[in-house]
Amino acid sequence: MAKVELALQVLTGAEATAHAMRQIRPDVVPVYPITPQTPIIQTFSRFVADGKTDTVLVQVESEHSAMSAAVGSALAGARTMTATASQGLALMVEVVYIAAGLRAPVVIAVGNRALSGPINIHGDHSDGMLARDSGAVQIYALDAQEAYDLTVMAPRVAEHARVLLPVMVGQDGFNVTHSAEPVALLPDEEVQAFVGPYEIPYALLDGNAPSSHGVFAMPDSYFELRHQMISAVEAAERVYGEVAEDYRRLFGRWLPALDAYRMEDAERALILIGSAAGTAKEVVDDLRAAGEKVGLVAVRLYRPFPHQALREVLAGVKRVAVLDRAASPGTYPPLFSDALGAVQGTQVELRSYVYGLGGRDLPLRAVHRAFRELLAPAHARIGYLGLVGEDDDGES
Amino acid sequence: MASLKTLALLEEERPGFSGGHSLCAGCGIPPIVRTVLGSIRGPKVAISATGCLEVATTRYPFTAWGVPWIHVAFENAAAVAGGVEAAYRALSRRGKIQGEPVTFVVFAGDGGTYDIGLQALSGALERGHRLLYVCYNNEAYMNTGIQRSGATPYAANTTTSPVGSLGKGKAERRKDMTAIVVAHHIPYAAQAAASHWQDLSRKVERAVQVDGPSFLNVLATCPPGWGHEAKDSVKLARIAVETHYWPLFEVVEGHYRITHRPAHQRPLEEWLNLQRRFSHLHGERGADLVCRLQEELDEGWVQLLQRDAADAEWFRALEEAGA
Amino acid sequence: MLPGDVLRPRTGGWRTGQKPAVDLSRCVDCLVCWIHCPDTAVRQWGAVFQGFDYDLCKGCAICVEVCPAGAIAMVSEETALDPGGVVQGTGVLAHGQG
């Protein structure tokens with residue numbers, strides 16, 4: 001049960017995220033504007049200008065510098081957050097990898113957007129997937145409320161002694177960043193108490209002992225140093241679970257790594273990431289009403305990927321359609337590959353679909369089509385939901 | 001200016017940088033680093049760009065750095081430094097850090113400054129972070145094996161501007177990086193050389209006193225990259241100054257002042273003849289190219305003299321106000 | 001990584017047959033060799049020159065070049081010297097061009 005009073009406000013995902021940042025009161029926020037992340041930083045800049053937080057804003061000249069300044073700041077000993085999207089994240093990725101390797105716990109709010117070219121400002125997950133092997137933890141919100149909740153939770157995951165990694169909190173561009181809905185905000189002091197003080201080992205500005213960060217590793221040490229980082233990413237699954245459990249205990253809101261919807265006795269299921277869960281739940285409800293045993297799994301914690309949890313939630317399911325809002329040209333898309341790893345050795349059959357690139361809606365009939373096609377034995381081809389001409393013939 | 005005895009006593013008490021690193025024999029970079037660190041009083045943090053200095057001084061599990069040190073990548077040293085400085089401001093403001101003021105000093109090569117790091121440097125200068133940016137300028141990508149950079153002088157032979165049946169070394173002039181920095185209206189910028197360590201030390205002291213960014217472009221000799229004898233490192237840097245190849249000057253709030261006027265301008269050949277990167281210019285066959293290089297130096301020196309003369313009154317007033 | 005965590009690496013093995021030696025009777029403790037040494041191989045204590053650290057010295061001979069007193073010369077690696085490369089007595093070192 002919630003122990004604290006939650007104040008409902010109508011906010012977009014971007015605004016809700018900015019509120020979370022105001023309440024966390026990070027020491028430093030280096031940032032650069034880009035659609036559809038811009039309203040996060042605009043709102044946050046307004047909070048700073050109005051004295052609602054005394055965060056030092058660093059208005060850098062690019063996302064590359066935003067992430068570079070963030071790594072410097074986080075390792076110096078300051079709680080640091082930034083925000084980006086799309087090309088900005090692409091530009092940042094070099095430094096996101098380094099942030100993970102140097103164990104800099106920077107929280108990155110991402111308004112997920114398609115990558116060029118052609119240039120497109122609308123939502124998909126191509127940008128996040130570009131960073132999926134960086135070593136950054138990735139969490140994806142289903143709606144504006146979750147964008148808020150996950151942003152509040154993120155510093156606890158990032159800064160945990162077993163983790164010390166950047167954490168990306170994704171929300172779908174426009175579908176979430178720009179869509180207003182009632183969002184329950186926690187009291188400022190509750191957020192402050194929840195995130196606690198920022199403490200990292202070997203802070204650069206710790207005057208007691210000089211330390212060297214970002215050193216040169218030869219083949220005799222690089223592998224071990226990277227392996228430590230890989231182990232930390234793996235450890236983040238458990239830490240995320242602990243933080244989510246704490247959040248539920250304190251505030252009554254439960255955001256597990258996987259959002260399982262009507263999966264109890266499901267024989268067919270969809271797996272996806274992000275705001276399309278809303279559309280998919282509607283279809284699940286319709287089909288359930290018609291007596292079909294279907295369900296949905298929305299993946300919140302994408303890196304580390306909760307293989308075991310997914311395996312458990314899919315136990316008893318015959319066929320699963322994995323809906324990716326990103327492609328991996330020439331092979332199966334990212335979420336499908338991850339899910340395949342999770343069900344290896346089981347009888348669960350997976351089918352791969354790509355949907356919603358560049359902000360294309362996922363129509364209800366496309367979700368129906370995916371469930372319908374699961375009635376037949378799965379095959380190897382990748383389906384494209386919502387692509388002109390694809391959904392009508394029921395074949396792909 | 002600190003005396004060598006003072007610098008020595010300071011380094012003895014708390015070495016900021018020590019040997020055992022794998023920079024080349026005769027490398028011009030370490031004396032710059034030691035003079036810079038030694039001339040900054042109080043706590044300091046060093047930020048490095050990828051390059052010779054970074055790779056050779058922090059081979060895991062060793063470090064040559066006795067001061068807190070961070071390196072993130074090649075093109076972003078100024079941005080990283082800006083982040084560290086912002087963290088310091090934020091933590092000081094919130095009372096989480098107390099004590100003596102900390103100085104932030106960046107060490108980046110010419111590749112990480114003139115070329116790939118130019119954008120991050122420009123942003124950091126424009127934002128006004130309080131930090132000293134030191135470019136150790138050895139005039140090419142030496143860490144990757146001597147490729148031409150925006151700092152490589154006209155006619156220099158590098159592995160990507162090779163001398164061949166058609167190639168005559170680098171076909172383009174070097175950038176005037178110091179002028180680019182000055183155009184950011186920062187309070188202090190200067191050119192220096194390790195051969196003139198007193199001049200360098202004095203400039204560091206001035207640079208770290210200003211309330212904002214400061215920049216030092218320091219010529220760093222490079223035995224393998226320039227093709228000179230290791231023992232000639234200091235001599236060559238001195239010749240660079242005395243031929244007007246690398247004039248020593250400072251720019252205070254946009255006002256230029258020459259800080260060392262060589263008694264006599266040495267012939268350019270003295271500079272060229274000690275370096276294999278210019279061996280195709282030695283003797284008669286390089287006369288045309290040498291001529292063009294000489295014109296470039298003369299043009300730069302005349303312009304510097306004019307600026308110095310125009311700003312002399314400004315410096316007089318400044319000194320009177322200070323006295 | 002913290003300084004002092006491990007033993008410092010030794011780069012004296014980089015020398016190629018020659019090492020610096022100093023005639024202390026000529027040395028004026030100006031420390032010019034100290035500031036220009038790329039390898040912090042010039043030892044001083046209380047701002048008084050103490051000879052060379054052969055564990056660090058790479059043999060570049062900058063010290064020989066910059067010494068205003070002509071007190072330093074490169075000698076064969078095999079030459080037996082006091083610790084730090086100190087030569088006792090005036091005029092023992094034969095000087096090349098300085």
# chains A, B, ... in the order shown; residues from 1 in each chain; ligands from 1
$ select_by_dssp --residues "range 8-96 of chain C" --states "strand (DSSP E or B)" --output "list in words"
Gln18, Lys19, Pro20, Ala21, Val22, Asp23, Val42, Arg43, Gln44, Trp45, Val48, Phe49, Gln50, Gly51, Phe52, Ile72, Ala73, Met74, Val75, Ser76, Asp82, Val86 and Val87 of chain C
$ write_last_selection --atoms "C-alpha atoms" --output "PDB file, in the first residue's frame"
ATOM      1  CA  GLN C  18      75.481   5.204 -22.969  1.00  0.00           C
ATOM      2  CA  LYS C  19      74.533   6.746 -19.659  1.00  0.00           C
ATOM      3  CA  PRO C  20      74.999  10.230 -18.219  1.00  0.00           C
ATOM      4  CA  ALA C  21      77.659  10.899 -15.623  1.00  0.00           C
ATOM      5  CA  VAL C  22      78.246  14.068 -13.665  1.00  0.00           C
ATOM      6  CA  ASP C  23      81.329  15.730 -12.327  1.00  0.00           C
ATOM      7  CA  VAL C  42      67.665  13.772 -12.428  1.00  0.00           C
ATOM      8  CA  ARG C  43      67.677  13.351  -8.679  1.00  0.00           C
ATOM      9  CA  GLN C  44      67.683  16.345  -6.396  1.00  0.00           C
ATOM     10  CA  TRP C  45      67.146  16.721  -2.693  1.00  0.00           C
ATOM     11  CA  VAL C  48      70.577  20.176  -4.539  1.00  0.00           C
ATOM     12  CA  PHE C  49      71.577  17.982  -7.479  1.00  0.00           C
ATOM     13  CA  GLN C  50      72.118  14.349  -6.442  1.00  0.00           C
ATOM     14  CA  GLY C  51      73.011  12.508  -9.647  1.00  0.00           C
ATOM     15  CA  PHE C  52      70.884  10.310 -11.895  1.00  0.00           C
ATOM     16  CA  ILE C  72      77.602  16.176 -17.527  1.00  0.00           C
ATOM     17  CA  ALA C  73      78.786  13.780 -20.206  1.00  0.00           C
ATOM     18  CA  MET C  74      77.566  10.520 -21.662  1.00  0.00           C
ATOM     19  CA  VAL C  75      79.804   7.582 -20.808  1.00  0.00           C
ATOM     20  CA  SER C  76      79.745   3.932 -21.715  1.00  0.00           C
ATOM     21  CA  ASP C  82      79.459   5.924  -7.867  1.00  0.00           C
ATOM     22  CA  VAL C  86      78.674  10.758  -9.789  1.00  0.00           C
ATOM     23  CA  VAL C  87      82.300  11.135 -10.777  1.00  0.00           C
TER      24      VAL C  87
END
$ interface_residues --of "chain A" --to "chain B" --cutoff "9 Å" --atoms "only C-alpha atoms" --output "ChimeraX atom specification"
/A:27-28,30,54-62,64-80,94-95,98-99,102,204-207,209-218,221-222
$ write_last_selection --atoms "N, CA and C atoms" --output "compact mmCIF listing (two decimals), in the first residue's frame"
# COMPACT_ATOMS: atom_id res chain seq x y z
N ASP A 27 23.37 17.20 -9.05
CA ASP A 27 24.35 18.29 -8.92
C ASP A 27 24.58 18.97 -10.27
N VAL A 28 24.69 18.16 -11.31
CA VAL A 28 25.07 18.69 -12.62
C VAL A 28 24.19 18.06 -13.71
N PRO A 30 24.52 18.29 -17.79
CA PRO A 30 25.01 18.79 -19.07
C PRO A 30 24.06 18.29 -20.16
N ASP A 54 18.85 23.86 -7.52
CA ASP A 54 20.10 24.60 -7.71
C ASP A 54 21.12 23.79 -8.50
N THR A 55 20.64 22.91 -9.35
CA THR A 55 21.51 22.12 -10.23
C THR A 55 22.33 23.04 -11.13
N VAL A 56 23.60 22.66 -11.37
CA VAL A 56 24.43 23.39 -12.34
C VAL A 56 24.12 22.83 -13.73
N LEU A 57 23.51 23.66 -14.57
CA LEU A 57 23.22 23.27 -15.95
C LEU A 57 24.43 23.61 -16.81
N VAL A 58 24.87 22.67 -17.62
CA VAL A 58 25.97 22.95 -18.54
C VAL A 58 25.43 22.83 -19.96
N GLN A 59 25.26 23.96 -20.60
CA GLN A 59 24.64 23.98 -21.94
C GLN A 59 25.73 23.74 -22.98
N VAL A 60 25.98 22.47 -23.22
CA VAL A 60 27.09 22.09 -24.09
C VAL A 60 26.76 22.32 -25.57
N GLU A 61 27.76 22.10 -26.42
CA GLU A 61 27.60 22.41 -27.84
C GLU A 61 27.26 21.16 -28.66
N SER A 62 27.11 20.01 -28.00
CA SER A 62 26.73 18.79 -28.72
C SER A 62 26.43 17.71 -27.70
N HIS A 64 27.73 14.81 -27.82
CA HIS A 64 29.01 14.16 -27.51
C HIS A 64 29.64 14.83 -26.28
N SER A 65 29.58 16.15 -26.30
CA SER A 65 30.13 16.88 -25.15
C SER A 65 29.24 16.74 -23.93
N ALA A 66 27.93 16.60 -24.14
CA ALA A 66 27.02 16.41 -22.99
C ALA A 66 27.43 15.16 -22.22
N MET A 67 27.63 14.06 -22.96
CA MET A 67 27.97 12.81 -22.30
C MET A 67 29.40 12.87 -21.76
N SER A 68 30.29 13.55 -22.46
CA SER A 68 31.67 13.69 -22.00
C SER A 68 31.72 14.47 -20.69
N ALA A 69 30.99 15.58 -20.65
CA ALA A 69 30.93 16.38 -19.43
C ALA A 69 30.27 15.57 -18.31
N ALA A 70 29.27 14.77 -18.68
CA ALA A 70 28.57 13.96 -17.68
C ALA A 70 29.50 12.93 -17.06
N VAL A 71 30.33 12.31 -17.87
CA VAL A 71 31.29 11.33 -17.34
C VAL A 71 32.28 12.02 -16.40
N GLY A 72 32.79 13.17 -16.83
CA GLY A 72 33.72 13.92 -15.99
C GLY A 72 33.07 14.30 -14.67
N SER A 73 31.85 14.77 -14.75
CA SER A 73 31.14 15.22 -13.56
C SER A 73 30.82 14.06 -12.62
N ALA A 74 30.31 12.97 -13.18
CA ALA A 74 29.93 11.82 -12.35
C ALA A 74 31.14 11.22 -11.65
N LEU A 75 32.27 11.11 -12.38
CA LEU A 75 33.47 10.54 -11.76
C LEU A 75 34.13 11.53 -10.81
N ALA A 76 33.85 12.83 -11.01
CA ALA A 76 34.38 13.83 -10.08
C ALA A 76 33.72 13.70 -8.71
N GLY A 77 32.50 13.16 -8.69
CA GLY A 77 31.81 12.97 -7.42
C GLY A 77 30.47 13.69 -7.35
N ALA A 78 29.90 14.04 -8.49
CA ALA A 78 28.64 14.78 -8.52
C ALA A 78 27.55 13.94 -9.19
N ARG A 79 26.35 13.94 -8.60
CA ARG A 79 25.24 13.23 -9.25
C ARG A 79 24.90 13.97 -10.55
N THR A 80 24.86 13.20 -11.64
CA THR A 80 24.79 13.81 -12.96
C THR A 80 23.73 13.14 -13.82
N GLU A 94 29.59 6.80 -28.48
CA GLU A 94 31.01 6.54 -28.21
C GLU A 94 31.28 6.71 -26.71
N VAL A 95 30.72 7.78 -26.16
CA VAL A 95 31.03 8.10 -24.76
C VAL A 95 30.15 7.29 -23.80
N ILE A 98 32.17 4.36 -23.10
CA ILE A 98 33.27 4.70 -22.20
C ILE A 98 32.73 4.90 -20.78
N ALA A 99 31.55 5.52 -20.67
CA ALA A 99 30.94 5.75 -19.36
C ALA A 99 30.76 4.42 -18.63
N LEU A 102 34.22 3.09 -17.64
CA LEU A 102 34.83 3.85 -16.54
C LEU A 102 33.93 3.84 -15.30
N LEU A 204 37.09 11.65 -8.24
CA LEU A 204 38.23 12.45 -8.70
C LEU A 204 38.49 13.63 -7.78
N LEU A 205 37.44 14.20 -7.22
CA LEU A 205 37.59 15.38 -6.37
C LEU A 205 37.77 15.02 -4.89
N ASP A 206 37.94 13.73 -4.63
CA ASP A 206 38.27 13.33 -3.26
C ASP A 206 39.73 13.72 -3.03
N GLY A 207 39.94 14.76 -2.26
CA GLY A 207 41.29 15.30 -2.08
C GLY A 207 42.23 14.39 -1.32
N ALA A 209 43.08 11.10 -1.76
CA ALA A 209 43.93 10.19 -2.52
C ALA A 209 43.74 10.44 -4.01
N PRO A 210 44.80 10.88 -4.70
CA PRO A 210 44.64 11.09 -6.14
C PRO A 210 44.43 9.77 -6.87
N SER A 211 43.53 9.74 -7.82
CA SER A 211 43.27 8.52 -8.58
C SER A 211 43.34 8.83 -10.07
N SER A 212 43.69 7.81 -10.86
CA SER A 212 43.75 7.96 -12.31
C SER A 212 42.58 7.20 -12.93
N HIS A 213 41.79 7.90 -13.75
CA HIS A 213 40.61 7.30 -14.39
C HIS A 213 40.77 7.30 -15.90
N GLY A 214 40.37 6.21 -16.53
CA GLY A 214 40.41 6.18 -17.99
C GLY A 214 41.79 5.85 -18.51
N VAL A 215 42.44 4.88 -17.84
CA VAL A 215 43.81 4.53 -18.18
C VAL A 215 43.87 3.62 -19.41
N PHE A 216 45.08 3.33 -19.83
CA PHE A 216 45.34 2.57 -21.05
C PHE A 216 45.53 1.10 -20.67
N ALA A 217 44.70 0.22 -21.22
CA ALA A 217 44.78 -1.19 -20.86
C ALA A 217 45.23 -2.01 -22.07
N MET A 218 46.26 -2.78 -21.87
CA MET A 218 46.79 -3.65 -22.93
C MET A 218 46.06 -5.00 -22.87
N SER A 221 45.25 -6.86 -19.58
CA SER A 221 44.31 -6.42 -18.55
C SER A 221 42.95 -6.00 -19.09
N TYR A 222 42.86 -5.62 -20.37
CA TYR A 222 41.60 -5.11 -20.92
C TYR A 222 40.44 -6.08 -20.71
$ closest_atom_pairs --of "chain C" --to "chain B" --cutoff "10 Å" --atoms "only C-alpha atoms" --output "JSON lines"
{"residue": "C:Met1", "atom": "CA", "partner": "B:Pro61", "partner_atom": "CA", "distance": 7.0}
{"residue": "C:Leu2", "atom": "CA", "partner": "B:Thr63", "partner_atom": "CA", "distance": 7.6}
{"residue": "C:Pro3", "atom": "CA", "partner": "B:Thr63", "partner_atom": "CA", "distance": 6.0}
{"residue": "C:Gly4", "atom": "CA", "partner": "B:Phe62", "partner_atom": "CA", "distance": 8.4}
{"residue": "C:Asp5", "atom": "CA", "partner": "B:Phe62", "partner_atom": "CA", "distance": 8.0}
{"residue": "C:Val6", "atom": "CA", "partner": "B:Phe62", "partner_atom": "CA", "distance": 6.8}
{"residue": "C:Leu7", "atom": "CA", "partner": "B:Phe62", "partner_atom": "CA", "distance": 8.0}
{"residue": "C:Arg8", "atom": "CA", "partner": "B:Gly20", "partner_atom": "CA", "distance": 6.4}
{"residue": "C:Pro9", "atom": "CA", "partner": "B:Gly20", "partner_atom": "CA", "distance": 5.1}
{"residue": "C:Arg10", "atom": "CA", "partner": "B:Gly20", "partner_atom": "CA", "distance": 5.4}
{"residue": "C:Thr11", "atom": "CA", "partner": "B:Gly20", "partner_atom": "CA", "distance": 5.5}
{"residue": "C:Gly12", "atom": "CA", "partner": "B:Gly20", "partner_atom": "CA", "distance": 8.5}
{"residue": "C:Trp14", "atom": "CA", "partner": "B:Ala25", "partner_atom": "CA", "distance": 8.1}
{"residue": "C:Arg15", "atom": "CA", "partner": "B:Ala25", "partner_atom": "CA", "distance": 8.6}
{"residue": "C:Asp29", "atom": "CA", "partner": "B:Lys5", "partner_atom": "CA", "distance": 9.0}
{"residue": "C:Cys30", "atom": "CA", "partner": "B:Leu4", "partner_atom": "CA", "distance": 7.5}
{"residue": "C:Leu31", "atom": "CA", "partner": "B:Leu4", "partner_atom": "CA", "distance": 6.4}
{"residue": "C:Val32", "atom": "CA", "partner": "B:Leu4", "partner_atom": "CA", "distance": 7.5}
{"residue": "C:Trp34", "atom": "CA", "partner": "B:Ala8", "partner_atom": "CA", "distance": 8.1}
{"residue": "C:Ile35", "atom": "CA", "partner": "B:Pro31", "partner_atom": "CA", "distance": 6.1}
{"residue": "C:His36", "atom": "CA", "partner": "B:Pro31", "partner_atom": "CA", "distance": 5.3}
{"residue": "C:Cys37", "atom": "CA", "partner": "B:Pro31", "partner_atom": "CA", "distance": 6.6}
{"residue": "C:Pro38", "atom": "CA", "partner": "B:Pro30", "partner_atom": "CA", "distance": 5.0}
{"residue": "C:Asp39", "atom": "CA", "partner": "B:Gly19", "partner_atom": "CA", "distance": 4.2}
{"residue": "C:Thr40", "atom": "CA", "partner": "B:Gly19", "partner_atom": "CA", "distance": 4.9}
{"residue": "C:Ala41", "atom": "CA", "partner": "B:Gly19", "partner_atom": "CA", "distance": 6.8}
{"residue": "C:Val42", "atom": "CA", "partner": "B:Gly19", "partner_atom": "CA", "distance": 10.0}
{"residue": "C:Arg43", "atom": "CA", "partner": "B:Glu12", "partner_atom": "CA", "distance": 9.6}
{"residue": "C:Gln44", "atom": "CA", "partner": "B:Ala8", "partner_atom": "CA", "distance": 7.5}
{"residue": "C:Trp45", "atom": "CA", "partner": "B:Glu12", "partner_atom": "CA", "distance": 7.4}
{"residue": "C:Gly46", "atom": "CA", "partner": "B:Leu9", "partner_atom": "CA", "distance": 6.1}
{"residue": "C:Ala47", "atom": "CA", "partner": "B:Lys5", "partner_atom": "CA", "distance": 5.2}
{"residue": "C:Val48", "atom": "CA", "partner": "B:Lys5", "partner_atom": "CA", "distance": 8.4}
{"residue": "C:Asp53", "atom": "CA", "partner": "B:Gly19", "partner_atom": "CA", "distance": 9.8}
{"residue": "C:Asp55", "atom": "CA", "partner": "B:Gly20", "partner_atom": "CA", "distance": 8.0}
{"residue": "C:Leu56", "atom": "CA", "partner": "B:Gly20", "partner_atom": "CA", "distance": 5.5}
{"residue": "C:Cys57", "atom": "CA", "partner": "B:Gly19", "partner_atom": "CA", "distance": 8.4}
{"residue": "C:Lys58", "atom": "CA", "partner": "B:Ala25", "partner_atom": "CA", "distance": 5.5}
{"residue": "C:Gly59", "atom": "CA", "partner": "B:Ala25", "partner_atom": "CA", "distance": 6.8}
{"residue": "C:Cys60", "atom": "CA", "partner": "B:Gly26", "partner_atom": "CA", "distance": 5.0}
{"residue": "C:Ala61", "atom": "CA", "partner": "B:Lys231", "partner_atom": "CA", "distance": 4.9}
{"residue": "C:Ile62", "atom": "CA", "partner": "B:Lys231", "partner_atom": "CA", "distance": 4.3}
{"residue": "C:Cys63", "atom": "CA", "partner": "B:Lys231", "partner_atom": "CA", "distance": 7.8}
{"residue": "C:Val64", "atom": "CA", "partner": "B:Lys231", "partner_atom": "CA", "distance": 7.8}
{"residue": "C:Glu65", "atom": "CA", "partner": "B:Lys231", "partner_atom": "CA", "distance": 6.4}
{"residue": "C:Val66", "atom": "CA", "partner": "B:Val234", "partner_atom": "CA", "distance": 7.4}
$ write_last_selection --atoms "C-alpha atoms" --output "PDB file, in the first residue's frame"
ATOM      1  CA  MET C   1      43.924   3.224 -10.155  1.00  0.00           C
ATOM      2  CA  LEU C   2      45.879   4.860  -7.369  1.00  0.00           C
ATOM      3  CA  PRO C   3      49.518   5.965  -7.510  1.00  0.00           C
ATOM      4  CA  GLY C   4      51.789   3.773  -5.431  1.00  0.00           C
ATOM      5  CA  ASP C   5      49.536   0.737  -5.843  1.00  0.00           C
ATOM      6  CA  VAL C   6      52.249  -1.108  -7.690  1.00  0.00           C
ATOM      7  CA  LEU C   7      55.987  -0.832  -8.171  1.00  0.00           C
ATOM      8  CA  ARG C   8      56.965   1.803 -10.693  1.00  0.00           C
ATOM      9  CA  PRO C   9      58.020   0.574 -14.096  1.00  0.00           C
ATOM     10  CA  ARG C  10      61.696   0.869 -14.952  1.00  0.00           C
ATOM     11  CA  THR C  11      62.740   2.427 -18.220  1.00  0.00           C
ATOM     12  CA  GLY C  12      66.498   2.387 -17.741  1.00  0.00           C
ATOM     13  CA  TRP C  14      65.820   1.738 -22.973  1.00  0.00           C
ATOM     14  CA  ARG C  15      69.361   3.158 -22.967  1.00  0.00           C
ATOM     15  CA  ASP C  29      73.000  23.143  -8.723  1.00  0.00           C
ATOM     16  CA  CYS C  30      71.166  25.297 -11.242  1.00  0.00           C
ATOM     17  CA  LEU C  31      68.732  22.373 -11.873  1.00  0.00           C
ATOM     18  CA  VAL C  32      68.339  23.201 -15.557  1.00  0.00           C
ATOM     19  CA  TRP C  34      66.292  18.640 -13.755  1.00  0.00           C
ATOM     20  CA  ILE C  35      63.505  20.672 -15.365  1.00  0.00           C
ATOM     21  CA  HIS C  36      64.322  19.480 -18.892  1.00  0.00           C
ATOM     22  CA  CYS C  37      64.639  15.773 -18.089  1.00  0.00           C
ATOM     23  CA  PRO C  38      61.667  13.973 -19.717  1.00  0.00           C
ATOM     24  CA  ASP C  39      61.962  11.053 -17.308  1.00  0.00           C
ATOM     25  CA  THR C  40      62.410  12.669 -13.890  1.00  0.00           C
ATOM     26  CA  ALA C  41      65.735  10.827 -13.853  1.00  0.00           C
ATOM     27  CA  VAL C  42      67.665  13.772 -12.428  1.00  0.00           C
ATOM     28  CA  ARG C  43      67.677  13.351  -8.679  1.00  0.00           C
ATOM     29  CA  GLN C  44      67.683  16.345  -6.396  1.00  0.00           C
ATOM     30  CA  TRP C  45      67.146  16.721  -2.693  1.00  0.00           C
ATOM     31  CA  GLY C  46      66.369  20.066  -1.129  1.00  0.00           C
ATOM     32  CA  ALA C  47      67.041  21.639  -4.532  1.00  0.00           C
ATOM     33  CA  VAL C  48      70.577  20.176  -4.539  1.00  0.00           C
ATOM     34  CA  ASP C  53      68.242   7.639 -11.444  1.00  0.00           C
ATOM     35  CA  ASP C  55      66.166   3.014 -13.328  1.00  0.00           C
ATOM     36  CA  LEU C  56      64.360   5.814 -15.160  1.00  0.00           C
ATOM     37  CA  CYS C  57      66.969   7.430 -17.442  1.00  0.00           C
ATOM     38  CA  LYS C  58      66.425   6.582 -21.130  1.00  0.00           C
ATOM     39  CA  GLY C  59      69.746   8.060 -22.170  1.00  0.00           C
ATOM     40  CA  CYS C  60      68.448  10.967 -24.281  1.00  0.00           C
ATOM     41  CA  ALA C  61      71.396  13.187 -23.260  1.00  0.00           C
ATOM     42  CA  ILE C  62      69.310  16.353 -23.005  1.00  0.00           C
ATOM     43  CA  CYS C  63      71.022  16.959 -19.647  1.00  0.00           C
ATOM     44  CA  VAL C  64      74.405  17.000 -21.353  1.00  0.00           C
ATOM     45  CA  GLU C  65      73.142  19.544 -23.872  1.00  0.00           C
ATOM     46  CA  VAL C  66      71.489  21.928 -21.430  1.00  0.00           C
TER      47      VAL C  66
END
$ residues_around --residues "Val317 in chain A" --least-positions-apart "3" --cutoff "6 Å" --atoms "only C-alpha atoms" --output "ChimeraX atom specification"
/A:266-268,314
$ residues_around --residues "Met229 in chain A" --least-positions-apart "6" --cutoff "8 Å" --atoms "only C-alpha atoms" --output "number ranges by chain"
A: 100-101, 103, 135
$ atom_distance --atom1 "CA of Ala183 in chain B" --atom2 "CA of Glu63 in chain A"
23.6 Å
$ atom_distance --atom1 "CA of Ala380 in chain A" --atom2 "CA of Thr331 in chain A"
10.8 Å
$ atom_distance --atom1 "CA of Arg360 in chain A" --atom2 "CA of Leu287 in chain A"
23.6 Å
$ residues_around --residues "Pro262 in chain B" --least-positions-apart "6" --cutoff "10 Å" --atoms "only C-alpha atoms" --output "PyMOL selection string"
chain B and resi 238-239+241-244+247-248
$ residues_around --residues "range 216-219 of chain B" --least-positions-apart "5" --cutoff "6 Å" --atoms "only C-alpha atoms" --output "tab-separated table (two decimals) with N, CA and C atoms, in the first residue's frame"
chain	number	residue	atom	x	y	z
B	134	VAL	N	46.03	23.25	-21.92
B	134	VAL	CA	47.39	23.26	-22.44
B	134	VAL	C	47.46	22.34	-23.65
B	135	CYS	N	47.79	22.92	-24.80
B	135	CYS	CA	48.00	22.09	-25.99
B	135	CYS	C	49.49	21.83	-26.09
B	136	TYR	N	49.89	20.55	-25.93
B	136	TYR	CA	51.30	20.22	-26.20
B	136	TYR	C	51.38	19.90	-27.69
B	137	ASN	N	51.96	20.84	-28.40
B	137	ASN	CA	51.83	20.85	-29.85
B	137	ASN	C	53.10	20.30	-30.50
B	189	ALA	N	45.33	33.90	-23.17
B	189	ALA	CA	45.85	32.89	-24.10
B	189	ALA	C	47.31	33.22	-24.36
B	190	ALA	N	48.10	32.21	-24.65
B	190	ALA	CA	49.52	32.47	-24.88
B	190	ALA	C	50.15	31.33	-25.68
B	191	GLN	N	51.28	31.66	-26.29
B	191	GLN	CA	52.13	30.63	-26.90
B	191	GLN	C	53.41	30.53	-26.09
B	192	ALA	N	53.89	29.30	-25.92
B	192	ALA	CA	55.07	29.10	-25.10
B	192	ALA	C	55.88	27.94	-25.66
B	193	ALA	N	57.07	27.75	-25.10
B	193	ALA	CA	57.93	26.63	-25.47
B	193	ALA	C	58.70	26.21	-24.22
$ select_by_dssp --residues "range 14-147 of chain A" --states "alpha helix (DSSP H)" --output "VMD selection string"
chain A and resid 14 to 24 38 to 49 63 to 76 86 to 101 126 to 130 144 to 147
